file data-v3.tsv (TSV, C-alpha atoms and all ligand atoms)
chain	number	residue	atom	x	y	z
M	629	MET	CA	95.64	101.37	114.21
M	630	PRO	CA	93.64	98.88	112.14
M	631	SER	CA	92.80	95.79	114.14
M	632	TRP	CA	90.30	93.76	112.11
M	633	LYS	CA	90.88	92.12	108.77
M	634	VAL	CA	88.28	90.93	106.26
M	635	THR	CA	89.72	88.67	103.53
M	636	LEU	CA	88.15	87.49	100.30
M	637	PRO	CA	89.59	85.87	97.17
M	638	CYS	CA	89.48	88.01	94.06
M	639	THR	CA	90.55	88.00	90.44
M	640	ARG	CA	93.55	89.89	89.07
M	641	ALA	CA	91.18	92.27	87.24
M	642	GLU	CA	89.33	93.00	90.48
M	643	ALA	CA	92.61	93.47	92.36
M	644	GLU	CA	93.85	95.92	89.76
M	645	ALA	CA	90.61	97.89	89.88
M	646	ILE	CA	90.67	98.29	93.66
M	647	ASP	CA	92.05	101.52	95.01
M	648	ALA	CA	93.63	101.46	98.51
M	649	ALA	CA	91.74	104.57	99.55
M	650	GLU	CA	88.49	103.64	97.82
M	651	ASP	CA	85.54	105.42	99.40
M	652	LEU	CA	83.10	102.71	100.46
M	653	GLY	CA	80.81	105.23	102.12
M	654	LEU	CA	81.41	103.68	105.55
M	655	ASP	CA	81.84	105.50	108.87
M	656	SER	CA	85.01	103.50	109.49
M	657	ALA	CA	86.96	103.49	106.22
M	658	PRO	CA	89.12	100.37	105.73
M	659	VAL	CA	92.60	100.27	104.22
M	660	LEU	CA	92.44	97.89	101.24
M	661	MET	CA	95.33	95.70	100.11
M	662	THR	CA	95.39	93.15	97.32
M	663	THR	CA	98.00	90.41	97.18
M	664	GLU	CA	99.01	87.84	94.59
M	665	ASP	CA	99.49	84.32	95.97
M	666	VAL	CA	101.35	81.82	93.90
M	667	GLU	CA	100.16	78.30	94.65
M	668	ASP	CA	100.85	75.23	92.55
M	669	ASP	CA	102.08	77.53	89.79
M	670	ALA	CA	98.60	79.05	89.56
M	671	GLU	CA	97.98	82.72	89.99
M	672	ARG	CA	95.57	83.59	92.79
M	673	TRP	CA	94.69	86.89	94.35
M	674	HIS	CA	93.03	88.01	97.52
M	675	LEU	CA	91.75	91.22	99.03
M	676	ASP	CA	92.41	92.23	102.66
M	677	ALA	CA	90.39	95.08	104.15
M	678	TYR	CA	91.81	96.40	107.43
M	679	PHE	CA	89.40	98.11	109.82
M	680	GLU	CA	90.08	100.04	113.02
M	681	VAL	CA	86.85	98.77	114.56
M	682	GLU	CA	85.02	95.49	114.25
M	683	PRO	CA	83.31	95.60	110.84
M	684	ASN	CA	79.52	95.39	110.95
M	685	ASP	CA	77.37	93.64	108.34
M	686	ALA	CA	77.25	96.76	106.15
M	687	ALA	CA	81.03	97.04	106.20
M	688	VAL	CA	81.50	93.38	105.28
M	689	ALA	CA	78.90	93.73	102.51
M	690	ALA	CA	80.75	96.79	101.15
M	691	VAL	CA	83.97	94.76	100.95
M	692	GLN	CA	82.13	91.84	99.31
M	693	ALA	CA	80.70	94.22	96.72
M	694	LEU	CA	84.26	95.01	95.56
M	695	VAL	CA	84.84	91.39	94.49
M	696	PRO	CA	81.80	90.02	92.65
M	697	SER	CA	83.80	86.90	91.72
M	698	ALA	CA	83.67	85.85	95.39
M	699	ARG	CA	79.88	85.96	95.52
M	700	GLY	CA	78.65	83.18	97.81
M	701	ARG	CA	82.03	82.84	99.57
M	702	ALA	CA	82.07	83.68	103.29
M	703	PRO	CA	84.81	86.20	104.02
M	704	ALA	CA	87.46	85.35	106.61
M	705	ILE	CA	87.16	87.87	109.44
M	706	GLU	CA	90.06	88.02	111.85
M	707	GLN	CA	90.95	90.21	114.79
M	708	LEU	CA	94.60	91.25	114.73
M	709	ASP	CA	96.76	92.41	117.52
M	710	ASP	CA	98.87	95.49	116.85
M	711	GLU	CA	102.05	93.53	116.23
M	712	ASP	CA	100.32	91.38	113.59
M	713	TRP	CA	99.26	94.50	111.73
M	714	VAL	CA	102.68	96.04	111.93
M	715	THR	CA	104.46	92.90	110.78
M	716	MET	CA	102.07	92.60	107.88
M	717	SER	CA	102.23	96.22	106.91
M	718	GLN	CA	106.03	96.23	106.93
M	719	ALA	CA	106.56	92.89	105.22
M	720	GLY	CA	107.84	93.38	101.70
M	721	LEU	CA	108.14	97.13	101.99
M	722	GLU	CA	110.97	98.29	99.82
M	723	PRO	CA	113.42	100.86	101.15
M	724	LEU	CA	112.44	104.36	100.20
M	725	HIS	CA	114.68	107.08	98.78
M	726	VAL	CA	113.17	110.57	98.96
M	727	GLY	CA	115.46	113.53	98.37
M	728	ARG	CA	118.38	113.15	100.76
M	729	PHE	CA	116.54	110.60	102.91
M	730	TYR	CA	116.69	106.83	102.72
M	731	VAL	CA	114.16	105.05	104.90
M	732	HIS	CA	114.04	101.34	105.61
M	733	THR	CA	112.65	98.93	108.17
M	734	ALA	CA	114.61	96.23	110.00
M	735	ALA	CA	113.46	93.72	107.37
M	736	GLN	CA	115.66	95.32	104.70
M	737	ASP	CA	119.40	95.56	104.88
M	738	ALA	CA	120.43	96.57	101.35
M	739	PRO	CA	123.29	99.06	101.35
M	740	PRO	CA	121.94	102.63	101.30
M	741	PRO	CA	122.88	105.07	98.55
M	742	GLU	CA	126.03	107.02	99.26
M	743	GLY	CA	125.50	110.30	101.05
M	744	ALA	CA	121.88	109.63	102.00
M	745	ARG	CA	120.69	110.23	105.55
M	746	VAL	CA	119.47	106.79	106.54
M	747	PHE	CA	116.57	106.28	108.93
M	748	ARG	CA	115.66	102.83	110.13
M	749	ILE	CA	112.05	103.19	111.12
M	750	GLU	CA	110.13	100.62	113.09
M	751	ALA	CA	106.48	101.50	113.08
M	752	GLY	CA	106.00	99.51	116.30
M	753	ARG	CA	102.39	100.28	116.88
M	754	ALA	CA	102.51	103.70	115.19
M	755	PHE	CA	101.98	104.94	111.62
M	756	GLY	CA	104.75	106.06	109.30
M	757	THR	CA	107.41	103.89	107.67
M	758	GLY	CA	107.60	106.49	104.92
M	759	HIS	CA	105.88	104.25	102.40
M	760	HIS	CA	102.51	105.91	102.56
M	761	GLU	CA	102.12	108.68	99.97
M	762	THR	CA	101.31	111.18	102.72
M	763	THR	CA	104.54	110.52	104.61
M	764	SER	CA	106.78	110.33	101.53
M	765	GLY	CA	105.05	113.44	100.14
M	766	CYS	CA	105.76	115.36	103.36
M	767	LEU	CA	109.36	114.13	103.30
M	768	ALA	CA	109.73	115.41	99.74
M	769	MET	CA	108.10	118.71	100.67
M	770	LEU	CA	110.50	119.13	103.63
M	771	ASP	CA	113.49	118.14	101.51
M	772	GLY	CA	112.49	120.83	99.02
M	773	LEU	CA	112.59	123.42	101.81
M	774	ALA	CA	116.20	122.60	102.72
M	775	ASP	CA	117.41	126.09	101.78
M	776	ALA	CA	114.92	127.79	104.08
M	777	ARG	CA	115.80	128.60	107.68
M	778	PHE	CA	113.58	127.48	110.53
M	779	THR	CA	114.15	127.90	114.24
M	780	ASP	CA	111.01	126.39	115.80
M	781	VAL	CA	109.43	123.31	114.29
M	782	ILE	CA	106.39	121.32	115.39
M	783	ASP	CA	105.29	117.95	113.95
M	784	ILE	CA	101.69	117.38	115.04
M	785	GLY	CA	100.71	113.71	114.83
M	786	THR	CA	104.27	112.47	114.59
M	787	GLY	CA	103.48	108.72	114.39
M	788	THR	CA	106.91	107.07	114.19
M	789	GLY	CA	108.72	110.42	114.35
M	790	LEU	CA	110.06	110.25	110.80
M	791	LEU	CA	109.08	113.78	109.73
M	792	ALA	CA	110.40	115.29	112.95
M	793	PHE	CA	113.69	113.43	112.38
M	794	ALA	CA	113.88	114.80	108.83
M	795	ALA	CA	113.31	118.31	110.19
M	796	ARG	CA	116.04	117.82	112.76
M	797	GLU	CA	118.40	116.72	110.00
M	798	LEU	CA	117.54	119.63	107.70
M	799	TRP	CA	117.60	122.33	110.38
M	800	PRO	CA	120.04	121.18	113.06
M	801	GLU	CA	119.81	124.49	114.91
M	802	ALA	CA	116.02	124.42	115.24
M	803	ARG	CA	114.02	123.35	118.28
M	804	VAL	CA	111.85	120.42	117.18
M	805	LEU	CA	108.71	119.38	119.06
M	806	ALA	CA	106.94	116.16	118.04
M	807	THR	CA	103.43	115.52	119.36
M	808	ASP	CA	100.86	112.79	119.07
M	809	ILE	CA	97.50	112.09	120.63
M	810	ASP	CA	98.61	108.47	121.00
M	811	PRO	CA	101.09	107.80	123.83
M	812	VAL	CA	102.24	104.66	122.02
M	813	ALA	CA	103.31	106.77	119.02
M	814	VAL	CA	105.31	109.00	121.33
M	815	ASP	CA	107.05	105.93	122.81
M	816	VAL	CA	107.76	104.57	119.33
M	817	THR	CA	109.17	107.96	118.29
M	818	ARG	CA	111.42	108.02	121.36
M	819	GLU	CA	112.73	104.52	120.49
M	820	ASN	CA	113.23	105.44	116.83
M	821	ALA	CA	115.10	108.61	117.80
M	822	GLU	CA	117.48	106.46	119.85
M	823	VAL	CA	117.97	103.84	117.13
M	824	ASN	CA	118.73	106.54	114.57
M	825	ALA	CA	120.79	108.72	116.87
M	826	VAL	CA	118.53	111.71	116.33
M	827	PRO	CA	119.19	114.17	119.13
M	828	GLY	CA	116.99	116.82	120.64
M	829	ILE	CA	113.45	115.86	119.66
M	830	ASP	CA	111.07	117.08	122.37
M	831	LEU	CA	108.00	114.90	122.76
M	832	VAL	CA	104.50	115.64	123.98
M	833	VAL	CA	101.35	113.54	124.14
M	834	ALA	CA	98.62	115.99	123.14
M	835	ASP	CA	95.38	116.28	121.24
M	836	GLY	CA	95.84	118.97	118.61
M	837	ALA	CA	97.78	122.12	119.41
M	838	LEU	CA	96.09	123.46	122.54
M	839	ALA	CA	98.23	121.86	125.25
M	840	ASP	CA	100.34	124.24	127.35
M	841	ALA	CA	103.47	122.30	126.39
M	842	ILE	CA	102.76	123.33	122.80
M	843	THR	CA	101.39	126.86	123.19
M	844	ASP	CA	104.06	127.85	125.74
M	845	ARG	CA	106.79	127.54	123.11
M	846	ALA	CA	104.80	129.06	120.23
M	847	PRO	CA	105.16	130.60	117.74
M	848	TYR	CA	106.54	128.00	115.34
M	849	ASP	CA	107.94	128.92	111.97
M	850	LEU	CA	107.48	125.41	110.49
M	851	LEU	CA	104.36	123.40	111.30
M	852	ILE	CA	103.83	119.89	109.95
M	853	ALA	CA	100.62	117.90	110.39
M	854	ASN	CA	99.94	114.64	108.57
M	855	ILE	CA	96.68	113.58	110.20
M	856	LEU	CA	93.36	113.37	108.29
M	857	ALA	CA	91.18	115.93	106.56
M	858	GLY	CA	88.51	116.11	109.28
M	859	PRO	CA	90.91	116.84	112.16
M	860	LEU	CA	92.99	119.16	109.97
M	861	VAL	CA	89.91	121.24	109.21
M	862	SER	CA	88.68	121.41	112.78
M	863	MET	CA	92.18	122.15	114.10
M	864	ALA	CA	92.84	125.00	111.65
M	865	PRO	CA	92.28	127.85	114.18
M	866	GLU	CA	94.52	126.27	116.83
M	867	VAL	CA	97.26	125.40	114.32
M	868	ALA	CA	97.13	128.92	112.86
M	869	ALA	CA	97.24	130.41	116.36
M	870	ILE	CA	100.61	128.80	117.15
M	871	ALA	CA	102.13	129.79	113.78
M	872	ALA	CA	104.58	132.67	113.57
M	873	PRO	CA	103.84	135.38	111.01
M	874	HIS	CA	104.75	134.00	107.54
M	875	ALA	CA	105.32	130.51	109.01
M	876	THR	CA	105.38	127.53	106.66
M	877	VAL	CA	102.57	124.99	107.23
M	878	VAL	CA	102.78	121.52	105.66
M	879	LEU	CA	99.54	119.53	105.77
M	880	ALA	CA	98.84	115.96	104.66
M	881	GLY	CA	96.44	113.10	105.27
M	882	LEU	CA	93.80	114.57	103.00
M	883	LEU	CA	92.49	113.07	99.79
M	884	GLY	CA	92.58	115.20	96.64
M	885	ARG	CA	88.82	115.68	96.75
M	886	GLN	CA	89.12	117.06	100.30
M	887	ALA	CA	91.80	119.64	99.45
M	888	SER	CA	89.50	122.60	98.82
M	889	GLU	CA	87.81	122.19	102.20
M	890	VAL	CA	91.15	121.97	104.02
M	891	ILE	CA	92.57	124.94	102.11
M	892	GLY	CA	89.40	126.91	102.88
M	893	ALA	CA	89.71	126.23	106.61
M	894	TYR	CA	93.31	127.51	106.71
M	895	THR	CA	92.62	130.43	104.39
M	896	ALA	CA	89.92	131.52	106.84
M	897	CYS	CA	92.68	131.68	109.47
M	898	GLY	CA	94.94	133.92	107.40
M	899	CYS	CA	97.01	131.31	105.51
M	900	THR	CA	97.61	131.24	101.77
M	901	LEU	CA	98.30	128.20	99.63
M	902	GLU	CA	101.84	128.05	98.24
M	903	ALA	CA	102.24	124.55	96.86
M	904	ARG	CA	100.27	121.38	96.32
M	905	ASP	CA	101.59	117.89	95.58
M	906	ASP	CA	99.06	115.27	94.43
M	907	ARG	CA	100.27	111.71	94.91
M	908	GLY	CA	97.77	109.07	93.89
M	909	ASP	CA	94.63	109.82	95.84
M	910	TRP	CA	96.47	111.86	98.44
M	911	THR	CA	97.40	115.53	98.48
M	912	ILE	CA	100.10	117.38	100.39
M	913	LEU	CA	99.69	121.12	100.90
M	914	ARG	CA	102.16	123.84	101.76
M	915	LEU	CA	100.68	127.05	103.07
M	916	ARG	CA	102.06	130.30	104.39
M	917	ALA	CA	100.67	131.83	107.56
M	918	GLY	CA	99.48	135.43	107.48
M	919	ALA	CA	101.65	138.49	108.06
M	920	GLU	CA	100.21	138.86	111.56
M	921	ARG	CA	99.82	136.21	114.22
M	922	TYR	CA	96.33	134.71	113.96
M	923	VAL	CA	94.05	135.23	116.94
M	924	PRO	CA	91.06	132.86	117.00
M	925	THR	CA	87.76	134.68	116.92
M	926	ALA	CA	86.27	132.40	119.60
M	927	PRO	CA	87.80	130.27	122.36
M	928	ILE	CA	88.70	126.81	121.07
M	929	ASP	CA	87.28	123.82	122.90
M	930	PRO	CA	88.74	120.55	121.58
M	931	ALA	CA	85.71	118.68	122.89
M	932	GLY	CA	83.60	120.97	120.75
M	933	ARG	CA	85.44	120.38	117.50
M	934	ASP	CA	82.77	119.31	115.11
M	935	GLY	CA	84.80	118.29	112.10
M	936	TRP	CA	86.18	115.01	113.38
M	937	ALA	CA	83.50	112.74	112.08
M	938	LEU	CA	83.05	114.60	108.80
M	939	ASP	CA	83.47	112.60	105.66
M	940	ILE	CA	84.41	115.62	103.61
M	1001	LIG	C1	98.72	109.44	109.36
M	1001	LIG	S1	99.62	109.32	110.85
M	1001	LIG	C2	101.05	110.30	110.43
M	1001	LIG	C3	102.30	109.90	111.13
M	1001	LIG	C4	103.56	110.61	110.65
M	1001	LIG	N1	103.52	112.03	110.92
M	1001	LIG	C5	103.81	110.38	109.18
M	1001	LIG	O1	103.75	111.31	108.41
M	1001	LIG	O2	104.03	109.24	108.79
M	1001	LIG	C6	98.68	110.42	111.87
M	1001	LIG	C7	99.15	110.51	113.30
M	1001	LIG	O3	98.40	111.57	113.90
M	1001	LIG	C8	98.03	111.20	115.20
M	1001	LIG	N2	96.84	112.00	115.55
M	1001	LIG	C9	95.55	111.79	115.20
M	1001	LIG	N3	94.78	112.74	115.73
M	1001	LIG	C10	95.57	113.58	116.42
M	1001	LIG	C11	95.35	114.75	117.21
M	1001	LIG	N4	94.14	115.25	117.41
M	1001	LIG	N5	96.39	115.37	117.78
M	1001	LIG	C12	97.65	114.86	117.61
M	1001	LIG	N6	97.91	113.74	116.90
M	1001	LIG	C13	96.90	113.12	116.31
M	1001	LIG	C14	97.79	109.70	115.11
M	1001	LIG	O4	97.90	109.09	116.38
M	1001	LIG	C15	98.89	109.28	114.13
M	1001	LIG	O5	100.06	108.90	114.81

call {"tool": "encode", "arguments": {"input": "data-v3.tsv", "output": "structure tokens", "more": "lines below"}}
Ligand SMILES: C[S@@+](CC[C@H](N)C(=O)[O-])C[C@H]1O[C@@H](n2cnc3c(N)ncnc32)[C@H](O)[C@@H]1O
result
Amino acid sequence: MPSWKVTLPCTRAEAEAIDAAEDLGLDSAPVLMTTEDVEDDAERWHLDAYFEVEPNDAAVAAVQALVPSARGRAPAIEQLDDEDWVTMSQAGLEPLHVGRFYVHTAAQDAPPPEGARVFRIEAGRAFGTGHHETTSGCLAMLDGLADARFTDVIDIGTGTGLLAFAARELWPEARVLATDIDPVAVDVTRENAEVNAVPGIDLVVADGALADAITDRAPYDLLIANILAGPLVSMAPEVAAIAAPHATVVLAGLLGRQASEVIGAYTACGCTLEARDDRGDWTILRLRAGAERYVPTAPIDPAGRDGWALDI
């Protein structure tokens, strides 16, 4: 999770021109947020850039370059603890209504729409209040599959658990396994499952899809992974290998310009593209696994995955 913040004042025009997922050409891409501050009846704006690692001089310079009006001003650089980030990222988030799902955080208590399945999601130290385009896009994609029948579901990179909970709601008979590389996310998912009275979510801390706890219960007929383009590409053979013939695969976390590379990686493992939803800079893909179970052509070594650092 992001843990450093670089702040600079900016103008409204600069704020409006800044894109949250702007590619600054850095190894560690920041999340950018612009905020309007009202002080003494005057309109002021500032830019916050959240980094997962301490920003170096090049990273700070890249942020400064976004706001020429702040030339000569020293940026405020602050280290955040996880709770600070979470509080900030949840503050002001409006409840979200996607298909039959209504998602809110503890900060909002407006009455939900009648008939909606309500999830109160605390991100804790994990990702996924539903407000990111990737999460809401996956929710919409799952909601659109409500008439399908699935018996074995896996949510790889579950974050707060929200997508696994939606799957549980849509397919009450299915076995649902939620995994994350981050043990904190698994704890947060367990807590959220309790708060929302979501039964029967099995949880595993695992990197990718190679762990015995995952492969032992393969194949899965619905696979969901909202991670990032690099890991999605390098994980394609292991994800395809746990998919049942004709399984549905929902992928997110990729930018639109990365879609062809991700689609190519899964096509090479027997999948075909069925649907694509572009939301802002982000793209959600739905693919169908091949008619026969995919067998990787070479043994997969997670330590040998080479796509992780790719800026594709
Ligand atoms: C963008 S968040 C998505 C969270 C949630 N599924 C959602 O849609 O809101 C990506 C999650 O994937 C997890 N992750 C990253 N790399 C992973 C890997 N190799 N294996 C499993 N999970 C991974 C991260 O810890 C994080 O919780």

call {"tool": "residues_around", "arguments": {"input": "data-v3.tsv", "residues": "range 635-649 of chain M", "least_positions_apart": "5", "cutoff": "7 Å", "atoms": "all atoms listed in the file", "output": "list of chain:residue names"}}
result
M:Val659, M:Leu660, M:Met661, M:Thr662, M:Trp673, M:His674, M:Leu675, M:Asp676, M:Ala677, M:Val695, M:Ser697, M:Ala698, M:Pro703, M:Ala704, M:Ile705

call {"tool": "residues_near_point", "arguments": {"input": "data-v3.tsv", "point": "(91.1, 125.9, 106.2)", "cutoff": "9 Å", "atoms": "all atoms listed in the file", "output": "ChimeraX atom specification"}}
result
/M:860-865,888-899

call {"tool": "closest_residue", "arguments": {"input": "data-v3.tsv", "among": "M:Glu866, M:Arg672, M:Asp783, M:Gln707", "to": "Pro924 in chain M", "atoms": "all atoms listed in the file"}}
result
M:Glu866

call {"tool": "residues_near_ligand", "arguments": {"input": "data-v3.tsv", "ligand": "ligand LIG 1001 (chain M)", "cutoff": "6 Å", "atoms": "all atoms listed in the file", "output": "list in words"}}
result
Ala754, Phe755, Gly756, Gly758, Thr763, Ile784, Gly785, Thr786, Gly787, Leu791, Asp808, Ile809, Asp810, Ala813, Ala834, Asp835, Gly836, Asn854, Ile855 and Gly881 of chain M

call {"tool": "atom_distance", "arguments": {"input": "data-v3.tsv", "atom1": "CA of Trp799 in chain M", "atom2": "CA of Pro739 in chain M"}}
result
25.6 Å

call {"tool": "closest_residue", "arguments": {"input": "data-v3.tsv", "among": "M:Pro873, M:Gly653, M:Pro723, M:Pro847", "to": "His759 in chain M", "atoms": "all atoms listed in the file"}}
result
M:Pro723

call {"tool": "axis_aligned_box", "arguments": {"input": "data-v3.tsv", "around": "range 835-844 of chain M", "padding_each_side": "5 Å", "output": "AutoDock Vina command-line options"}}
result
--center_x 99.7 --center_y 122.1 --center_z 123.0 --size_x 18.7 --size_y 21.6 --size_z 18.7

call {"tool": "closest_residue", "arguments": {"input": "data-v3.tsv", "among": "M:Asp815, M:Glu801, M:Asp909, M:Glu742", "to": "Thr788 in chain M", "atoms": "all atoms listed in the file"}}
result
M:Asp815

call {"tool": "closest_residue", "arguments": {"input": "data-v3.tsv", "among": "M:Ser631, M:Gln692, M:Thr911, M:Thr843", "to": "Glu680 in chain M", "atoms": "all atoms listed in the file"}}
result
M:Ser631

call {"tool": "closest_residue", "arguments": {"input": "data-v3.tsv", "among": "M:Arg818, M:Arg907, M:Lys633, M:Arg916", "to": "Ala871 in chain M", "atoms": "all atoms listed in the file"}}
result
M:Arg916

call {"tool": "closest_residue", "arguments": {"input": "data-v3.tsv", "among": "M:Val877, M:Ile749, M:Ala872, M:Met769", "to": "Thr817 in chain M", "atoms": "all atoms listed in the file"}}
result
M:Ile749

call {"tool": "decode", "arguments": {"input": "data-v3.tsv", "residues": "range 837-862 of chain M", "atoms": "N, CA and C atoms", "output": "short mmCIF file (atom, residue, chain, number, x, y, z; two decimals), in the first residue's frame"}}
result
data_model
loop_
_atom_site.label_atom_id
_atom_site.label_comp_id
_atom_site.auth_asym_id
_atom_site.auth_seq_id
_atom_site.Cartn_x
_atom_site.Cartn_y
_atom_site.Cartn_z
N ALA M 837 -1.08 -18.60 -8.37
CA ALA M 837 -2.03 -19.72 -8.34
C ALA M 837 -1.34 -21.07 -8.21
N LEU M 838 -0.09 -21.06 -7.71
CA LEU M 838 0.66 -22.32 -7.69
C LEU M 838 0.57 -23.08 -6.37
N ALA M 839 0.08 -22.42 -5.32
CA ALA M 839 0.07 -23.07 -4.01
C ALA M 839 -0.81 -24.32 -4.02
N ASP M 840 -0.41 -25.34 -3.25
CA ASP M 840 -1.20 -26.57 -3.20
C ASP M 840 -2.65 -26.30 -2.82
N ALA M 841 -2.84 -25.35 -1.87
CA ALA M 841 -4.20 -25.06 -1.41
C ALA M 841 -5.07 -24.56 -2.56
N ILE M 842 -4.45 -24.07 -3.60
CA ILE M 842 -5.20 -23.60 -4.77
C ILE M 842 -5.32 -24.71 -5.81
N THR M 843 -4.19 -25.34 -6.13
CA THR M 843 -4.21 -26.34 -7.22
C THR M 843 -4.97 -27.59 -6.79
N ASP M 844 -4.94 -27.91 -5.48
CA ASP M 844 -5.64 -29.13 -5.03
C ASP M 844 -7.13 -29.07 -5.30
N ARG M 845 -7.72 -27.87 -5.30
CA ARG M 845 -9.17 -27.82 -5.54
C ARG M 845 -9.52 -27.31 -6.94
N ALA M 846 -8.50 -27.24 -7.82
CA ALA M 846 -8.77 -26.92 -9.23
C ALA M 846 -9.49 -28.12 -9.86
N PRO M 847 -10.23 -27.95 -10.97
CA PRO M 847 -10.33 -26.71 -11.73
C PRO M 847 -11.44 -25.80 -11.23
N TYR M 848 -11.30 -24.52 -11.57
CA TYR M 848 -12.29 -23.50 -11.22
C TYR M 848 -13.05 -23.11 -12.49
N ASP M 849 -14.34 -22.90 -12.33
CA ASP M 849 -15.08 -22.47 -13.53
C ASP M 849 -15.30 -20.96 -13.60
N LEU M 850 -14.96 -20.24 -12.51
CA LEU M 850 -14.91 -18.77 -12.56
C LEU M 850 -13.63 -18.32 -11.86
N LEU M 851 -12.79 -17.59 -12.58
CA LEU M 851 -11.53 -17.10 -12.02
C LEU M 851 -11.53 -15.58 -12.14
N ILE M 852 -11.25 -14.91 -11.03
CA ILE M 852 -11.24 -13.45 -11.00
C ILE M 852 -9.85 -13.03 -10.54
N ALA M 853 -9.24 -12.08 -11.22
CA ALA M 853 -7.95 -11.56 -10.76
C ALA M 853 -7.86 -10.09 -11.11
N ASN M 854 -7.93 -9.25 -10.09
CA ASN M 854 -7.74 -7.81 -10.28
C ASN M 854 -6.40 -7.48 -9.64
N ILE M 855 -5.35 -7.55 -10.42
CA ILE M 855 -4.01 -7.35 -9.81
C ILE M 855 -3.31 -6.19 -10.56
N LEU M 856 -2.44 -6.45 -11.47
CA LEU M 856 -1.80 -5.44 -12.31
C LEU M 856 -1.39 -6.13 -13.58
N ALA M 857 -1.16 -5.37 -14.64
CA ALA M 857 -0.87 -6.00 -15.93
C ALA M 857 0.35 -6.92 -15.88
N GLY M 858 1.44 -6.46 -15.27
CA GLY M 858 2.66 -7.28 -15.26
C GLY M 858 2.43 -8.64 -14.63
N PRO M 859 1.94 -8.70 -13.38
CA PRO M 859 1.65 -10.01 -12.78
C PRO M 859 0.61 -10.81 -13.56
N LEU M 860 -0.40 -10.14 -14.10
CA LEU M 860 -1.41 -10.90 -14.86
C LEU M 860 -0.77 -11.60 -16.05
N VAL M 861 0.14 -10.91 -16.72
CA VAL M 861 0.80 -11.51 -17.89
C VAL M 861 1.66 -12.68 -17.43
N SER M 862 2.47 -12.46 -16.41
CA SER M 862 3.40 -13.54 -16.04
C SER M 862 2.68 -14.70 -15.38
#
